[in-house]
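Okay, protein_7.cif is below, mmCIF, C-alpha atoms:
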data_target
loop_
_atom_site.label_atom_id
_atom_site.label_comp_id
_atom_site.auth_asym_id
_atom_site.auth_seq_id
_atom_site.Cartn_x
_atom_site.Cartn_y
_atom_site.Cartn_z
CA MET A 865 5.54 83.14 46.70
CA GLU A 866 2.23 84.47 48.02
CA SER A 867 2.63 88.10 49.08
CA LYS A 868 0.87 87.70 52.45
CA GLU A 869 3.02 84.74 53.51
CA CYS A 870 6.14 86.43 52.21
CA ILE A 871 5.54 89.66 54.11
CA GLY A 872 4.85 87.80 57.37
CA LEU A 873 7.97 85.66 57.00
CA TYR A 874 10.45 88.28 55.85
CA HIS A 875 9.21 90.94 58.25
CA ASP A 876 10.11 88.63 61.15
CA TYR A 877 13.49 87.42 59.87
CA PHE A 878 14.91 90.15 57.62
CA PRO A 879 15.99 93.26 59.58
CA PHE A 880 16.28 95.22 56.33
CA TRP A 881 12.59 94.68 55.49
CA ASP A 882 11.51 98.15 56.63
CA LYS A 883 14.49 99.70 54.83
CA ILE A 884 13.48 98.66 51.32
CA SER A 885 10.81 100.11 49.05
CA GLU A 886 7.44 98.55 48.32
CA ASP A 887 8.63 97.74 44.80
CA GLU A 888 11.69 95.97 46.23
CA LYS A 889 9.51 94.01 48.65
CA LYS A 890 7.29 92.94 45.78
CA LEU A 891 10.31 91.96 43.68
CA LEU A 892 11.73 89.88 46.52
CA CYS A 893 8.45 88.05 47.13
CA GLU A 894 7.86 87.38 43.43
CA ASN A 895 11.32 85.83 43.14
CA THR A 896 11.14 83.59 46.18
CA ARG A 897 10.15 79.97 45.61
CA TYR A 898 9.05 77.30 48.05
CA VAL A 899 10.77 73.91 47.73
CA LYS A 900 10.76 70.63 49.66
CA TYR A 901 13.61 68.15 50.00
CA LYS A 902 13.59 64.63 51.35
CA ALA A 903 16.17 63.54 53.93
CA GLY A 904 19.40 62.66 52.14
CA GLU A 905 18.77 64.77 49.04
CA THR A 906 21.45 67.17 47.82
CA ILE A 907 20.44 70.82 47.71
CA HIS A 908 23.71 72.30 46.53
CA SER A 909 26.95 70.65 45.44
CA GLY A 910 30.26 72.44 45.04
CA GLY A 911 30.47 74.15 41.67
CA SER A 912 26.78 73.67 40.88
CA GLU A 913 24.35 76.41 39.94
CA CYS A 914 24.19 79.28 42.42
CA LYS A 915 21.20 78.92 44.76
CA GLY A 916 20.99 82.48 46.00
CA GLY A 917 19.71 82.88 49.55
CA VAL A 918 18.42 79.74 51.28
CA PHE A 919 15.93 80.20 54.14
CA VAL A 920 15.00 77.13 56.21
CA LYS A 921 11.28 77.02 57.04
CA SER A 922 11.51 73.58 58.67
CA GLY A 923 13.85 70.63 58.86
CA CYS A 924 17.64 70.46 59.07
CA LEU A 925 20.37 71.01 56.48
CA ARG A 926 24.04 70.01 56.69
CA ALA A 927 26.73 72.12 55.05
CA TYR A 928 30.02 70.38 54.35
CA MET A 929 33.15 70.43 52.21
CA LEU A 930 34.07 67.52 49.97
CA SER A 931 37.67 66.65 49.06
CA ASP A 932 38.79 65.27 45.70
CA GLU A 933 39.09 61.87 47.42
CA GLY A 934 35.46 62.01 48.56
CA LYS A 935 36.20 62.83 52.21
CA GLU A 936 33.55 64.99 53.88
CA ILE A 937 33.96 67.54 56.66
CA THR A 938 30.79 68.92 58.27
CA LEU A 939 30.98 72.70 58.63
CA TYR A 940 27.65 73.55 60.26
CA ARG A 941 23.96 72.72 60.33
CA LEU A 942 20.98 74.92 59.54
CA TYR A 943 17.66 74.67 61.36
CA SER A 944 14.25 76.33 61.14
CA GLY A 945 14.66 80.10 60.82
CA ASP A 946 18.30 79.91 59.68
CA ILE A 947 19.57 81.52 56.50
CA CYS A 948 22.57 80.50 54.39
CA MET A 949 24.53 82.65 51.96
CA LEU A 950 27.69 80.53 51.49
CA ALA A 951 26.06 78.76 48.54
CA ALA A 952 25.61 82.15 46.89
CA SER A 953 28.98 83.05 45.39
CA CYS A 954 27.09 84.73 42.55
CA VAL A 955 25.59 87.14 45.11
CA LEU A 956 28.60 87.72 47.35
CA HIS A 957 31.65 87.67 45.12
CA ALA A 958 34.02 87.58 48.12
CA ILE A 959 33.01 83.94 48.62
CA THR A 960 35.71 81.95 46.84
CA PHE A 961 35.12 78.41 48.09
CA ASP A 962 32.30 75.96 47.53
CA VAL A 963 30.22 74.20 50.13
CA CYS A 964 27.85 71.30 49.64
CA ILE A 965 24.45 71.27 51.34
CA ASP A 966 22.29 68.20 51.98
CA ALA A 967 18.94 67.79 53.72
CA GLU A 968 19.50 65.78 56.91
CA GLU A 969 15.75 65.66 57.52
CA ASP A 970 12.70 66.25 55.35
CA SER A 971 12.95 70.02 54.91
CA GLU A 972 10.93 72.95 53.61
CA LEU A 973 12.90 75.86 52.18
CA PHE A 974 12.42 79.26 50.62
CA MET A 975 14.98 80.06 47.93
CA ILE A 976 15.55 83.62 46.75
CA ASN A 977 16.51 84.04 43.12
CA PRO A 978 20.25 84.89 43.09
CA ARG A 979 19.97 87.64 40.46
CA THR A 980 17.19 89.32 42.42
CA PHE A 981 19.11 89.17 45.68
CA ALA A 982 22.29 90.41 43.96
CA GLN A 983 20.30 93.35 42.55
CA LEU A 984 18.93 94.22 46.00
CA CYS A 985 22.42 93.99 47.53
CA GLU A 986 23.78 96.32 44.86
CA ASN A 987 21.03 98.89 45.29
CA ASN A 988 20.45 98.81 49.05
CA VAL A 989 23.23 98.94 51.66
CA TYR A 990 20.96 97.44 54.33
CA VAL A 991 20.40 94.29 52.27
CA GLU A 992 24.12 94.06 51.48
CA ASN A 993 25.06 94.41 55.16
CA PHE A 994 22.55 91.73 56.11
CA ALA A 995 23.97 89.31 53.53
CA LEU A 996 27.54 90.00 54.66
CA ASN A 997 26.63 89.54 58.34
CA ILE A 998 25.02 86.18 57.57
CA ALA A 999 28.07 85.12 55.58
CA VAL A 1000 30.41 86.18 58.41
CA THR A 1001 28.37 84.17 60.93
CA ARG A 1002 28.55 81.05 58.77
CA PHE A 1003 32.24 81.62 58.13
CA SER A 1004 32.77 81.71 61.90
CA ASP A 1005 31.11 78.29 62.05
CA VAL A 1006 33.51 77.10 59.34
CA MET A 1007 36.53 78.39 61.28
CA TRP A 1008 35.28 76.62 64.44
CA ALA A 1009 35.08 73.36 62.48
CA MET A 1010 38.60 73.89 61.12
CA GLN A 1011 39.91 74.72 64.59
CA GLN A 1012 38.55 71.44 65.94
CA ILE A 1013 40.15 69.44 63.13
CA LEU A 1014 43.54 71.17 63.32
CA PHE A 1015 44.04 71.76 67.02
CA MET A 1016 41.76 69.54 69.13
CA SER A 1017 42.51 65.99 70.18
CA PHE A 1018 40.18 63.47 68.61
CA ASP A 1019 38.66 62.36 71.92
CA ARG A 1020 37.59 65.95 72.61
CA ARG A 1021 36.22 66.39 69.09
CA LEU A 1022 34.21 63.18 69.41
CA ALA A 1023 32.90 64.18 72.84
CA ILE A 1024 31.73 67.54 71.44
CA PHE A 1025 30.08 65.80 68.47
CA LEU A 1026 28.21 63.30 70.67
CA ASN A 1027 27.11 66.01 73.10
CA ASP A 1028 25.84 68.21 70.25
CA GLU A 1029 23.90 65.30 68.76
CA ILE A 1030 22.04 64.42 71.97
CA ALA A 1031 21.35 68.11 72.61
CA LYS A 1032 19.93 68.45 69.09
CA THR A 1033 17.64 65.42 69.23
CA GLY A 1034 16.86 65.24 72.95
CA ASP A 1035 17.62 61.50 72.75
CA ASP A 1036 20.50 59.88 74.65
CA THR A 1037 20.90 57.41 71.78
CA ILE A 1038 22.57 58.68 68.62
CA HIS A 1039 21.16 56.69 65.72
CA LEU A 1040 24.22 56.87 63.48
CA THR A 1041 26.66 54.24 62.32
CA HIS A 1042 30.39 54.61 62.98
CA GLU A 1043 30.78 55.26 59.25
CA GLN A 1044 28.29 58.14 59.39
CA VAL A 1045 29.96 59.67 62.45
CA ALA A 1046 33.32 59.46 60.65
CA LYS A 1047 31.84 61.15 57.58
CA TYR A 1048 30.39 64.00 59.60
CA MET A 1049 33.66 64.50 61.48
CA GLY A 1050 35.95 64.20 58.48
CA SER A 1051 37.76 61.18 59.93
CA ALA A 1052 38.18 57.46 59.27
CA ARG A 1053 35.70 54.85 60.50
CA GLU A 1054 38.49 52.88 62.18
CA VAL A 1055 39.53 55.93 64.22
CA VAL A 1056 35.92 56.58 65.32
CA SER A 1057 35.35 52.93 66.22
CA ARG A 1058 38.54 52.77 68.25
CA MET A 1059 37.69 55.92 70.24
CA LEU A 1060 34.09 54.82 70.79
CA LYS A 1061 35.37 51.51 72.11
CA TYR A 1062 37.55 53.44 74.56
CA PHE A 1063 34.55 55.59 75.57
CA SER A 1064 32.63 52.35 76.13
CA THR A 1065 35.31 50.84 78.41
CA GLU A 1066 35.27 54.10 80.40
CA GLY A 1067 31.50 53.78 80.91
CA ILE A 1068 30.71 56.90 78.88
CA VAL A 1069 28.75 55.26 76.06
CA GLU A 1070 27.08 51.97 75.30
CA LEU A 1071 27.48 50.61 71.77
CA SER A 1072 24.88 48.55 69.95
CA ARG A 1073 23.52 47.92 66.46
CA GLY A 1074 20.95 50.62 67.14
CA GLY A 1075 23.55 53.32 67.60
CA ILE A 1076 25.56 54.99 70.35
CA LYS A 1077 23.91 55.57 73.73
CA VAL A 1078 25.44 58.14 76.08
CA ILE A 1079 25.17 56.69 79.59
CA ASP A 1080 27.37 59.16 81.50
CA LYS A 1081 26.88 62.75 80.34
CA LYS A 1082 29.09 64.13 83.11
CA LYS A 1083 32.11 62.09 82.00
CA LEU A 1084 31.40 63.00 78.38
CA ARG A 1085 31.39 66.73 79.16
CA GLU A 1086 34.59 66.42 81.18
CA LEU A 1087 36.31 65.47 77.92
CA MET A 1088 35.09 68.58 76.11
#

So, in terms of structure tokens, how does the structure I just supplied come out?
Amino acid sequence: MESKECIGLYHDYFPFWDKISEDEKKLLCENTRYVKYKAGETIHSGGSECKGGVFVKSGCLRAYMLSDEGKEITLYRLYSGDICMLAASCVLHAITFDVCIDAEEDSELFMINPRTFAQLCENNVYVENFALNIAVTRFSDVMWAMQQILFMSFDRRLAIFLNDEIAKTGDDTIHLTHEQVAKYMGSAREVVSRMLKYFSTEGIVELSRGGIKVIDKKKLRELM
């Protein structure tokens, strides 16, 4: 990665930047690569090669867990400026579970070589603390997802999902099929369709081939 671009980027997003030596800065920049992924492409699958640190320059990534039966549960999303360490078990050995990461949109990423980042973590407490803090933040997102699945009623979970989607896109219409919604929520399509039909009869959403349109945001939020 070009030194000038690297310094500008990492200075803004890495709080440890001023705590590492010039040689360490150079090592980090030389071992950072720029990659692009198309929407729908897999970036990391459970058990695959360690990716090291993943920094999102643009786009949107979805992190999820995949069961042996092929059932997916969305854990969190990553947007421009976000950093992920949960795909870096080779860097943080306390991570003992695998996540899968896909590009939801065309995305531009910077990936830090895992051996390089592991070396910096080992030699510099500021880098190690940063990596652990990022991992803790993402793990909190994972626990929130698990809490919804285990303890929330499905109508509330669906209301939260729909509200988050329209907030993310700024569009009252969610351009997803019932099958896609079920996949993201870790549920069955039949369950999603049945609850959306109920939402429709209550005047909360309008269903069409084009997706799910939220027509009463107040009622939707009352369910959350």

Expressed in Å to a single decimal, how great is the separation between atom CA of Arg1085 of chain A and atom CA of Phe1063 of chain A?
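It comes out at 12.1 Å.
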
Please provide the set of residues having any atom within 9 Å of Met1059 of chain A, restricted to all atoms listed in the file, with same-chain residues fewer than 3 positions apart removed, written as a PyMOL selection string.
chain A and resi 1018-1019+1022+1054-1056+1062-1064

Pick out the residues sitting within 8 Å of segment 924-940 of chain A, and hand them over as JSON, numbers by chain; count only C-alpha atoms, and ignore anything fewer than 6 positions along from it in its own chain.
{"A": [910, 962, 963, 964, 965, 966, 967, 968, 969, 970, 971, 1002, 1005, 1006, 1009, 1047, 1048, 1049, 1050]}

Residue among A:Leu873, A:Ala982, A:Ile1024, A:Leu1084 lying closest to Gly945 of chain A, counting all atoms listed in the file
A:Leu873

Shortest interatomic distance to Phe878 of chain A - which of A:Ser1004, A:Asn977, A:Asn895, A:Asn993, counting all atoms listed in the file
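Using all atoms listed in the file, Phe878 of chain A sits closest to A:Asn993.
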
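Of the residues under consideration (A:Asp946, A:Asp882, A:Asp1036, A:Glu1066), A:Asp946 shows the shortest atom-to-atom contact distance to Ala999 of chain A when counting all atoms listed in the file.
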
Interatomic distance between atom CA of Met1010 of chain A and atom CA of Asn997 of chain A?
19.9 Å

Suppose you want the space between atom CA of Met1016 of chain A and atom CA of Lys1077 of chain A; what is it in Å?
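That distance, rounded to one decimal, is 23.1 Å.
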
Applying 12 Å and all atoms listed in the file, which residues near Lys883 of chain A remain after dropping the ones on its own chain fewer than 2 positions away? List them as an MDAnalysis selection string.
chainID A and resid 875 878:881 885:889 984 987:994

Closest of A:Ser1072, A:Gln1011, A:Thr1065, A:Thr896 to Ile976 of chain A - atom-to-atom distances counting all atoms listed in the file:
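The closest residue to Ile976 of chain A is A:Thr896.
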
Nearest residue to Thr980 of chain A out of A:Gly917, A:Asp1080, A:Lys868, A:Lys900, using all atoms listed in the file?
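Nearest candidate to Thr980 of chain A out of A:Gly917, A:Asp1080, A:Lys868, A:Lys900: A:Gly917.
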
Nearest residue to Ile1079 of chain A out of A:Gly872, A:Gly923, A:Pro978, A:Gly1067, using all atoms listed in the file?
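Looking only at the distances to Ile1079 of chain A, the closest residue turns out to be A:Gly1067.
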